[in-house]
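Source file work10.pdb; content: PDB, C-alpha atoms, pLDDT in the B column.
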ATOM      1  CA  MET O   1       6.931   3.515  34.883  1.00 51.00           C
ATOM      2  CA  GLY O   2       8.370   4.319  31.481  1.00 59.00           C
ATOM      3  CA  GLY O   3       8.087   2.512  28.204  1.00 72.00           C
ATOM      4  CA  GLU O   4       5.232   2.137  25.835  1.00 85.00           C
ATOM      5  CA  ARG O   5       2.191   0.168  26.802  1.00 95.00           C
ATOM      6  CA  THR O   6      -0.394  -1.333  24.538  1.00 97.00           C
ATOM      7  CA  VAL O   7      -4.007  -0.612  25.389  1.00 97.00           C
ATOM      8  CA  GLY O   8      -6.730  -2.500  23.554  1.00 97.00           C
ATOM      9  CA  ILE O   9     -10.245  -1.125  23.102  1.00 96.00           C
ATOM     10  CA  GLY O  10     -13.044  -3.447  22.067  1.00 94.00           C
ATOM     11  CA  MET O  11     -14.836  -1.594  19.301  1.00 92.00           C
ATOM     12  CA  ASP O  12     -18.321  -2.070  17.891  1.00 88.00           C
ATOM     13  CA  TYR O  13     -19.125   1.642  17.464  1.00 87.00           C
ATOM     14  CA  SER O  14     -21.974   1.405  19.962  1.00 86.00           C
ATOM     15  CA  PRO O  15     -22.461   4.345  22.342  1.00 87.00           C
ATOM     16  CA  THR O  16     -20.629   2.594  25.166  1.00 88.00           C
ATOM     17  CA  SER O  17     -17.714   1.608  22.967  1.00 90.00           C
ATOM     18  CA  LYS O  18     -17.440   5.307  22.127  1.00 92.00           C
ATOM     19  CA  LEU O  19     -17.401   6.078  25.840  1.00 93.00           C
ATOM     20  CA  ALA O  20     -14.739   3.418  26.263  1.00 94.00           C
ATOM     21  CA  VAL O  21     -12.551   5.194  23.705  1.00 96.00           C
ATOM     22  CA  GLN O  22     -13.060   8.552  25.379  1.00 95.00           C
ATOM     23  CA  TRP O  23     -12.337   7.023  28.781  1.00 95.00           C
ATOM     24  CA  ALA O  24      -9.174   5.302  27.589  1.00 96.00           C
ATOM     25  CA  VAL O  25      -7.913   8.492  25.974  1.00 95.00           C
ATOM     26  CA  ASP O  26      -8.715  10.604  29.048  1.00 94.00           C
ATOM     27  CA  ASN O  27      -7.621   8.216  31.780  1.00 94.00           C
ATOM     28  CA  LEU O  28      -5.311   5.576  30.484  1.00 92.00           C
ATOM     29  CA  ALA O  29      -3.281   6.604  27.496  1.00 91.00           C
ATOM     30  CA  ARG O  30       0.087   8.269  28.048  1.00 90.00           C
ATOM     31  CA  SER O  31       2.493   9.497  25.448  1.00 90.00           C
ATOM     32  CA  ASP O  32       4.199   6.722  23.487  1.00 90.00           C
ATOM     33  CA  ASP O  33       1.455   4.232  24.311  1.00 95.00           C
ATOM     34  CA  ARG O  34      -0.194   2.246  21.576  1.00 96.00           C
ATOM     35  CA  ILE O  35      -3.967   2.070  21.408  1.00 97.00           C
ATOM     36  CA  VAL O  36      -5.355  -0.788  19.356  1.00 97.00           C
ATOM     37  CA  LEU O  37      -9.000  -0.704  18.300  1.00 95.00           C
ATOM     38  CA  ILE O  38     -10.095  -4.327  18.263  1.00 95.00           C
ATOM     39  CA  HIS O  39     -13.009  -5.146  15.992  1.00 93.00           C
ATOM     40  CA  VAL O  40     -14.531  -8.609  16.092  1.00 90.00           C
ATOM     41  CA  HIS O  41     -16.793  -9.683  13.272  1.00 84.00           C
ATOM     42  CA  SER O  42     -19.004 -12.691  13.243  1.00 76.00           C
ATOM     43  CA  SER O  43     -17.760 -15.149  10.642  1.00 71.00           C
ATOM     44  CA  LYS O  44     -20.845 -14.585   8.542  1.00 71.00           C
ATOM     45  CA  GLY O  45     -20.765 -12.129   5.687  1.00 68.00           C
ATOM     46  CA  GLU O  46     -18.342 -11.942   2.821  1.00 70.00           C
ATOM     47  CA  HIS O  47     -15.899  -9.096   2.699  1.00 72.00           C
ATOM     48  CA  THR O  48     -12.825  -8.927   0.547  1.00 72.00           C
ATOM     49  CA  MET O  49     -10.334  -9.040   3.386  1.00 80.00           C
ATOM     50  CA  LYS O  50     -12.078 -11.706   5.404  1.00 80.00           C
ATOM     51  CA  ASN O  51     -10.969 -14.535   3.135  1.00 80.00           C
ATOM     52  CA  LEU O  52      -7.465 -13.186   3.161  1.00 79.00           C
ATOM     53  CA  TRP O  53      -7.008 -12.793   6.906  1.00 83.00           C
ATOM     54  CA  GLU O  54      -9.616 -14.868   8.690  1.00 78.00           C
ATOM     55  CA  SER O  55      -7.487 -17.997   9.025  1.00 78.00           C
ATOM     56  CA  THR O  56      -4.327 -16.138  10.026  1.00 78.00           C
ATOM     57  CA  GLY O  57      -5.797 -14.725  13.227  1.00 81.00           C
ATOM     58  CA  GLY O  58      -7.075 -11.402  12.005  1.00 89.00           C
ATOM     59  CA  SER O  59      -6.029  -8.490   9.877  1.00 91.00           C
ATOM     60  CA  PRO O  60      -2.646  -6.838  10.127  1.00 92.00           C
ATOM     61  CA  LEU O  61      -2.408  -3.854  12.449  1.00 95.00           C
ATOM     62  CA  ILE O  62      -3.668  -0.882  10.463  1.00 95.00           C
ATOM     63  CA  PRO O  63      -2.425   2.609  11.409  1.00 96.00           C
ATOM     64  CA  LEU O  64      -5.183   5.144  12.056  1.00 96.00           C
ATOM     65  CA  ASP O  65      -4.440   7.364   9.065  1.00 94.00           C
ATOM     66  CA  GLU O  66      -4.690   4.372   6.706  1.00 94.00           C
ATOM     67  CA  PHE O  67      -7.742   3.061   8.546  1.00 93.00           C
ATOM     68  CA  LYS O  68      -9.500   6.379   7.960  1.00 92.00           C
ATOM     69  CA  GLU O  69      -8.788   6.311   4.239  1.00 91.00           C
ATOM     70  CA  MET O  70      -9.719   2.697   3.563  1.00 88.00           C
ATOM     71  CA  ASN O  71     -13.016   1.599   2.129  1.00 87.00           C
ATOM     72  CA  LEU O  72     -13.738  -0.334   5.298  1.00 87.00           C
ATOM     73  CA  SER O  73     -17.351  -1.145   4.659  1.00 84.00           C
ATOM     74  CA  VAL O  74     -16.423  -2.942   1.451  1.00 82.00           C
ATOM     75  CA  GLN O  75     -13.151  -4.480   2.593  1.00 84.00           C
ATOM     76  CA  TYR O  76     -14.080  -5.394   6.142  1.00 85.00           C
ATOM     77  CA  GLY O  77     -17.783  -4.747   6.594  1.00 83.00           C
ATOM     78  CA  ILE O  78     -17.036  -2.069   9.185  1.00 85.00           C
ATOM     79  CA  ASN O  79     -18.605   1.365   9.264  1.00 85.00           C
ATOM     80  CA  PRO O  80     -16.407   3.346  11.608  1.00 88.00           C
ATOM     81  CA  ASP O  81     -17.866   6.209  13.512  1.00 90.00           C
ATOM     82  CA  ARG O  82     -16.196   9.450  12.485  1.00 91.00           C
ATOM     83  CA  GLU O  83     -16.509  10.740  16.056  1.00 94.00           C
ATOM     84  CA  VAL O  84     -14.519   7.800  17.442  1.00 94.00           C
ATOM     85  CA  LEU O  85     -11.806   8.281  14.841  1.00 95.00           C
ATOM     86  CA  ASP O  86     -11.664  12.014  15.615  1.00 95.00           C
ATOM     87  CA  ILE O  87     -11.205  11.365  19.349  1.00 95.00           C
ATOM     88  CA  LEU O  88      -8.351   9.002  18.529  1.00 96.00           C
ATOM     89  CA  GLU O  89      -6.774  11.244  15.941  1.00 96.00           C
ATOM     90  CA  ASN O  90      -6.780  14.049  18.437  1.00 95.00           C
ATOM     91  CA  ALA O  91      -5.157  11.791  21.052  1.00 93.00           C
ATOM     92  CA  SER O  92      -2.488  10.702  18.610  1.00 94.00           C
ATOM     93  CA  LYS O  93      -1.636  14.322  17.853  1.00 93.00           C
ATOM     94  CA  THR O  94      -1.805  15.782  21.344  1.00 91.00           C
ATOM     95  CA  ASN O  95      -0.586  12.842  23.415  1.00 88.00           C
ATOM     96  CA  LYS O  96       1.702  11.200  20.868  1.00 90.00           C
ATOM     97  CA  VAL O  97      -0.295   8.010  21.194  1.00 94.00           C
ATOM     98  CA  LYS O  98       0.039   5.511  18.375  1.00 96.00           C
ATOM     99  CA  VAL O  99      -3.386   4.324  17.221  1.00 97.00           C
ATOM    100  CA  LEU O 100      -3.818   1.078  15.318  1.00 97.00           C
ATOM    101  CA  SER O 101      -6.773  -1.078  14.326  1.00 96.00           C
ATOM    102  CA  LYS O 102      -7.149  -4.807  14.010  1.00 95.00           C
ATOM    103  CA  ILE O 103     -10.049  -6.891  12.795  1.00 93.00           C
ATOM    104  CA  TYR O 104     -10.792 -10.454  13.883  1.00 92.00           C
ATOM    105  CA  TRP O 105     -13.480 -12.861  12.755  1.00 89.00           C
ATOM    106  CA  GLY O 106     -15.318 -15.186  15.082  1.00 87.00           C
ATOM    107  CA  ASP O 107     -16.682 -15.152  18.610  1.00 87.00           C
ATOM    108  CA  ALA O 108     -16.146 -11.817  20.339  1.00 88.00           C
ATOM    109  CA  ARG O 109     -15.343 -13.440  23.677  1.00 89.00           C
ATOM    110  CA  GLU O 110     -12.673 -15.733  22.298  1.00 91.00           C
ATOM    111  CA  LYS O 111     -11.191 -13.217  19.913  1.00 93.00           C
ATOM    112  CA  LEU O 112     -10.878 -10.442  22.466  1.00 94.00           C
ATOM    113  CA  CYS O 113      -9.081 -12.834  24.798  1.00 95.00           C
ATOM    114  CA  ASP O 114      -6.887 -13.957  21.881  1.00 94.00           C
ATOM    115  CA  ALA O 115      -6.139 -10.316  21.134  1.00 95.00           C
ATOM    116  CA  VAL O 116      -4.815  -9.807  24.657  1.00 96.00           C
ATOM    117  CA  ASP O 117      -2.170 -12.488  24.066  1.00 95.00           C
ATOM    118  CA  ASP O 118      -1.665 -11.757  20.422  1.00 94.00           C
ATOM    119  CA  LEU O 119      -1.081  -8.026  20.874  1.00 96.00           C
ATOM    120  CA  LYS O 120       0.506  -8.415  24.324  1.00 96.00           C
ATOM    121  CA  LEU O 121      -1.969  -5.933  25.741  1.00 97.00           C
ATOM    122  CA  ASP O 122      -1.191  -4.232  29.026  1.00 97.00           C
ATOM    123  CA  SER O 123      -4.854  -3.484  29.471  1.00 96.00           C
ATOM    124  CA  LEU O 124      -8.157  -3.818  27.657  1.00 96.00           C
ATOM    125  CA  VAL O 125     -11.080  -1.378  27.753  1.00 96.00           C
ATOM    126  CA  LEU O 126     -14.603  -2.425  26.825  1.00 93.00           C
ATOM    127  CA  GLY O 127     -17.962  -0.726  26.663  1.00 89.00           C
ATOM    128  CA  SER O 128     -20.488  -2.547  28.806  1.00 81.00           C
ATOM    129  CA  ARG O 129     -23.385  -2.596  26.373  1.00 67.00           C
ATOM    130  CA  GLY O 130     -24.127  -2.678  22.701  1.00 54.00           C
ATOM    131  CA  LEU O 131     -27.384  -1.520  21.178  1.00 49.00           C
ATOM    132  CA  GLY O 132     -30.745  -3.128  21.720  1.00 51.00           C
ATOM    133  CA  PRO O 133     -31.837  -5.752  24.233  1.00 53.00           C
ATOM    134  CA  ILE O 134     -30.434  -8.753  22.393  1.00 54.00           C
ATOM    135  CA  LYS O 135     -27.029  -7.240  21.944  1.00 56.00           C
ATOM    136  CA  SER O 136     -26.887  -6.092  25.549  1.00 54.00           C
ATOM    137  CA  VAL O 137     -27.464  -9.618  26.787  1.00 58.00           C
ATOM    138  CA  LEU O 138     -24.780 -10.777  24.410  1.00 59.00           C
ATOM    139  CA  LEU O 139     -22.293  -8.036  25.180  1.00 59.00           C
ATOM    140  CA  GLY O 140     -23.012  -8.179  28.887  1.00 63.00           C
ATOM    141  CA  SER O 141     -21.855 -11.746  28.787  1.00 75.00           C
ATOM    142  CA  VAL O 142     -18.929 -10.792  26.560  1.00 83.00           C
ATOM    143  CA  SER O 143     -17.566  -8.274  29.050  1.00 86.00           C
ATOM    144  CA  ASN O 144     -18.130 -10.676  31.972  1.00 86.00           C
ATOM    145  CA  TYR O 145     -16.368 -13.467  30.145  1.00 89.00           C
ATOM    146  CA  ILE O 146     -13.408 -11.287  29.247  1.00 92.00           C
ATOM    147  CA  VAL O 147     -13.016  -9.908  32.758  1.00 91.00           C
ATOM    148  CA  LEU O 148     -12.731 -13.525  33.935  1.00 91.00           C
ATOM    149  CA  HIS O 149     -10.536 -14.907  31.167  1.00 93.00           C
ATOM    150  CA  ALA O 150      -8.345 -12.156  29.770  1.00 94.00           C
ATOM    151  CA  ALA O 151      -4.704 -12.277  30.805  1.00 94.00           C
ATOM    152  CA  CYS O 152      -4.537  -8.538  31.502  1.00 96.00           C
ATOM    153  CA  PRO O 153      -6.497  -5.961  33.518  1.00 95.00           C
ATOM    154  CA  VAL O 154      -9.864  -5.192  31.908  1.00 95.00           C
ATOM    155  CA  THR O 155     -11.858  -1.995  32.379  1.00 94.00           C
ATOM    156  CA  VAL O 156     -15.552  -2.103  31.546  1.00 91.00           C
ATOM    157  CA  VAL O 157     -16.847   1.412  30.905  1.00 91.00           C
ATOM    158  CA  LYS O 158     -20.543   1.707  31.702  1.00 83.00           C
ATOM    159  CA  GLY O 159     -22.825   4.015  29.813  1.00 74.00           C
ATOM    160  CA  SER O 160     -24.313   6.951  31.655  1.00 65.00           C
ATOM    161  CA  HIS O 161     -28.040   6.544  32.150  1.00 50.00           C
ATOM    162  CA  GLY O 162     -28.850  10.004  30.888  1.00 45.00           C
ATOM    163  CA  HIS O 163     -28.360   9.052  27.223  1.00 42.00           C
TER     164      HIS O 163
END
What does the file become when written as structure tokens?
Amino acid sequence: MGGERTVGIGMDYSPTSKLAVQWAVDNLARSDDRIVLIHVHSSKGEHTMKNLWESTGGSPLIPLDEFKEMNLSVQYGINPDREVLDILENASKTNKVKVLSKIYWGDAREKLCDAVDDLKLDSLVLGSRGLGPIKSVLLGSVSNYIVLHAACPVTVVKGSHGH
């Protein structure tokens, strides 16, 4: 099984999305694969890049080194977790994995399924839970929906109960 694959990771910087990144790096990614961090924003909120990219189906693919340098909170309303970026940077160095980011606006369920087609993902990794009871109900249904509707294999990484 040669050739590069594209692995998507649904990213909201919650503890389980961090685990999802670690899991994907440890278990899924091989050299020459592409990992795409997929961020989905609700359509509320005004950020510079939103008006530019919202209607075209999301931002361009942003390489990790650029992503790290950008003023993401201003441009995209994202506050990336340094730890997540470090895990990925390490993977890109040691495993020769290409890491890219993409930002969508809208409903997480729809956009993550769109991303599968759009990015021609070979697989998608999601954390099972966000933070707080409301988000967990929401994200629980997001991961269930995506498992049913995405056109590629989906792995839902569950948080360990010790944390």
Which residues are close to Glu89 of chain O, i.e. within 9 Å by only C-alpha atoms, leaving aside same-chain residues fewer than 6 positions away? Reply as a list in words. Leu64, Asp65, Val97 and Val99 of chain O
Show me, as JSON lines, the residues of segment 58-128 of chain O having an atom within 7 Å of segment 31-54 of chain O, each with the closest atom pair and its distance in Å, using only C-alpha atoms.
{"residue": "O:Gly58", "atom": "CA", "partner": "O:Trp53", "partner_atom": "CA", "distance": 5.3}
{"residue": "O:Ser59", "atom": "CA", "partner": "O:Trp53", "partner_atom": "CA", "distance": 5.3}
{"residue": "O:Val74", "atom": "CA", "partner": "O:His47", "partner_atom": "CA", "distance": 6.3}
{"residue": "O:Gln75", "atom": "CA", "partner": "O:Thr48", "partner_atom": "CA", "distance": 4.9}
{"residue": "O:Tyr76", "atom": "CA", "partner": "O:His47", "partner_atom": "CA", "distance": 5.4}
{"residue": "O:Gly77", "atom": "CA", "partner": "O:His47", "partner_atom": "CA", "distance": 6.1}
{"residue": "O:Asn95", "atom": "CA", "partner": "O:Ser31", "partner_atom": "CA", "distance": 5.0}
{"residue": "O:Lys96", "atom": "CA", "partner": "O:Ser31", "partner_atom": "CA", "distance": 4.9}
{"residue": "O:Val97", "atom": "CA", "partner": "O:Asp33", "partner_atom": "CA", "distance": 5.2}
{"residue": "O:Lys98", "atom": "CA", "partner": "O:Arg34", "partner_atom": "CA", "distance": 4.6}
{"residue": "O:Val99", "atom": "CA", "partner": "O:Ile35", "partner_atom": "CA", "distance": 4.8}
{"residue": "O:Leu100", "atom": "CA", "partner": "O:Val36", "partner_atom": "CA", "distance": 4.7}
{"residue": "O:Ser101", "atom": "CA", "partner": "O:Leu37", "partner_atom": "CA", "distance": 4.6}
{"residue": "O:Lys102", "atom": "CA", "partner": "O:Ile38", "partner_atom": "CA", "distance": 5.2}
{"residue": "O:Ile103", "atom": "CA", "partner": "O:His39", "partner_atom": "CA", "distance": 4.7}
{"residue": "O:Tyr104", "atom": "CA", "partner": "O:Val40", "partner_atom": "CA", "distance": 4.7}
{"residue": "O:Trp105", "atom": "CA", "partner": "O:His41", "partner_atom": "CA", "distance": 4.6}
{"residue": "O:Gly106", "atom": "CA", "partner": "O:Ser42", "partner_atom": "CA", "distance": 4.8}
{"residue": "O:Asp107", "atom": "CA", "partner": "O:Ser42", "partner_atom": "CA", "distance": 6.3}
{"residue": "O:Ala108", "atom": "CA", "partner": "O:Val40", "partner_atom": "CA", "distance": 5.6}
{"residue": "O:Lys111", "atom": "CA", "partner": "O:Val40", "partner_atom": "CA", "distance": 6.9}
Would you mind telling me which residue in O:Ile62, O:Ile78, O:Val142, O:Val21 lies nearest to Val125 of chain O when using only C-alpha atoms? O:Val21
What are the centre and the three edge lengths of an axis-aligned box that wraps all atoms of segment 77-87 of chain O in the file, given that 4 Å is added to every side, written as AutoDock Vina command-line options and rounded to one decimal in Å?
--center_x -14.9 --center_y 3.6 --center_z 13.0 --size_x 15.4 --size_y 24.8 --size_z 20.8
How many Å separate atom CA of Tyr145 of chain O from atom CA of Pro60 of chain O? 25.2 Å
Give me, as JSON, numbers by chain, all polymer residues having an atom no more than 8 Å from segment 117-123 of chain O, counting all atoms listed in the file and skipping those fewer than 4 positions away in the same chain. {"O": [5, 6, 7, 8, 113, 151, 152, 153, 154, 155]}
Would you compute the distance between atom CA of Thr94 of chain O and atom CA of Ser73 of chain O? Give it in Å to one decimal. 28.4 Å
To test your reading of the syntax: which residues would the PyMOL selection byres ((chain O and resi 22) around 12) return for the file shown? Reply as a PyMOL selection string. chain O and resi 9+11+15-21+23-29+35+83-91+125-127+157-159
Because the input lacks atoms here, generate all heavy atoms for segment 24-35 of chain O and report them as a tab-separated table (two decimals), keeping the file's coordinate frame.
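To be explicit, this is the file written out as result.tsv:
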chain	number	residue	atom	x	y	z
O	24	ALA	N	-10.56	5.77	27.73
O	24	ALA	CA	-9.17	5.30	27.59
O	24	ALA	C	-8.24	6.47	27.26
O	24	ALA	O	-7.15	6.58	27.79
O	24	ALA	CB	-9.09	4.22	26.51
O	25	VAL	N	-8.72	7.34	26.37
O	25	VAL	CA	-7.91	8.49	25.97
O	25	VAL	C	-7.72	9.44	27.16
O	25	VAL	O	-6.63	9.95	27.41
O	25	VAL	CB	-8.59	9.21	24.78
O	25	VAL	CG1	-8.01	10.60	24.57
O	25	VAL	CG2	-8.43	8.37	23.51
O	26	ASP	N	-8.79	9.66	27.92
O	26	ASP	CA	-8.72	10.60	29.05
O	26	ASP	C	-7.95	10.05	30.25
O	26	ASP	O	-7.28	10.78	30.95
O	26	ASP	CB	-10.13	10.98	29.52
O	26	ASP	CG	-10.87	11.82	28.49
O	26	ASP	OD1	-10.21	12.33	27.56
O	26	ASP	OD2	-12.10	11.93	28.62
O	27	ASN	N	-8.10	8.76	30.51
O	27	ASN	CA	-7.62	8.22	31.78
O	27	ASN	C	-6.45	7.25	31.69
O	27	ASN	O	-5.78	7.02	32.67
O	27	ASN	CB	-8.76	7.48	32.49
O	27	ASN	CG	-9.88	8.43	32.83
O	27	ASN	OD1	-9.73	9.27	33.70
O	27	ASN	ND2	-10.98	8.31	32.11
O	28	LEU	N	-6.25	6.67	30.53
O	28	LEU	CA	-5.31	5.58	30.48
O	28	LEU	C	-4.10	5.90	29.63
O	28	LEU	O	-2.96	5.63	30.01
O	28	LEU	CB	-6.05	4.35	29.92
O	28	LEU	CG	-5.57	2.98	30.33
O	28	LEU	CD1	-5.51	2.87	31.85
O	28	LEU	CD2	-6.52	1.92	29.78
O	29	ALA	N	-4.35	6.46	28.47
O	29	ALA	CA	-3.28	6.60	27.50
O	29	ALA	C	-2.27	7.66	27.93
O	29	ALA	O	-2.65	8.76	28.36
O	29	ALA	CB	-3.87	6.96	26.14
O	30	ARG	N	-0.99	7.31	27.83
O	30	ARG	CA	0.09	8.27	28.05
O	30	ARG	C	0.89	8.37	26.76
O	30	ARG	O	0.74	7.52	25.88
O	30	ARG	CB	1.02	7.75	29.16
O	30	ARG	CG	0.34	7.56	30.48
O	30	ARG	CD	1.37	7.27	31.56
O	30	ARG	NE	2.14	6.07	31.27
O	30	ARG	CZ	2.24	5.03	32.09
O	30	ARG	NH1	1.61	5.04	33.23
O	30	ARG	NH2	2.98	3.98	31.77
O	31	SER	N	1.76	9.36	26.70
O	31	SER	CA	2.49	9.50	25.45
O	31	SER	C	3.33	8.25	25.21
O	31	SER	O	3.79	7.60	26.15
O	31	SER	CB	3.36	10.75	25.46
O	31	SER	OG	4.27	10.68	26.50
O	32	ASP	N	3.48	7.91	23.96
O	32	ASP	CA	4.20	6.72	23.49
O	32	ASP	C	3.44	5.41	23.68
O	32	ASP	O	3.94	4.35	23.32
O	32	ASP	CB	5.59	6.58	24.13
O	32	ASP	CG	6.46	7.78	23.82
O	32	ASP	OD1	6.29	8.35	22.71
O	32	ASP	OD2	7.28	8.17	24.65
O	33	ASP	N	2.25	5.46	24.25
O	33	ASP	CA	1.46	4.23	24.31
O	33	ASP	C	0.90	3.90	22.94
O	33	ASP	O	0.80	4.76	22.06
O	33	ASP	CB	0.26	4.40	25.27
O	33	ASP	CG	0.67	4.31	26.72
O	33	ASP	OD1	1.85	4.01	27.00
O	33	ASP	OD2	-0.20	4.54	27.59
O	34	ARG	N	0.53	2.65	22.78
O	34	ARG	CA	-0.19	2.25	21.58
O	34	ARG	C	-1.63	1.93	21.99
O	34	ARG	O	-1.85	1.24	22.98
O	34	ARG	CB	0.41	0.96	20.98
O	34	ARG	CG	1.81	1.13	20.50
O	34	ARG	CD	2.21	0.03	19.55
O	34	ARG	NE	1.88	-1.31	20.06
O	34	ARG	CZ	1.92	-2.41	19.31
O	34	ARG	NH1	2.25	-2.33	18.04
O	34	ARG	NH2	1.64	-3.58	19.83
O	35	ILE	N	-2.57	2.45	21.22
O	35	ILE	CA	-3.97	2.07	21.41
O	35	ILE	C	-4.35	1.22	20.21
O	35	ILE	O	-4.12	1.62	19.06
O	35	ILE	CB	-4.88	3.31	21.48
O	35	ILE	CG1	-4.64	4.07	22.78
O	35	ILE	CG2	-6.36	2.90	21.38
O	35	ILE	CD1	-5.50	5.31	22.94
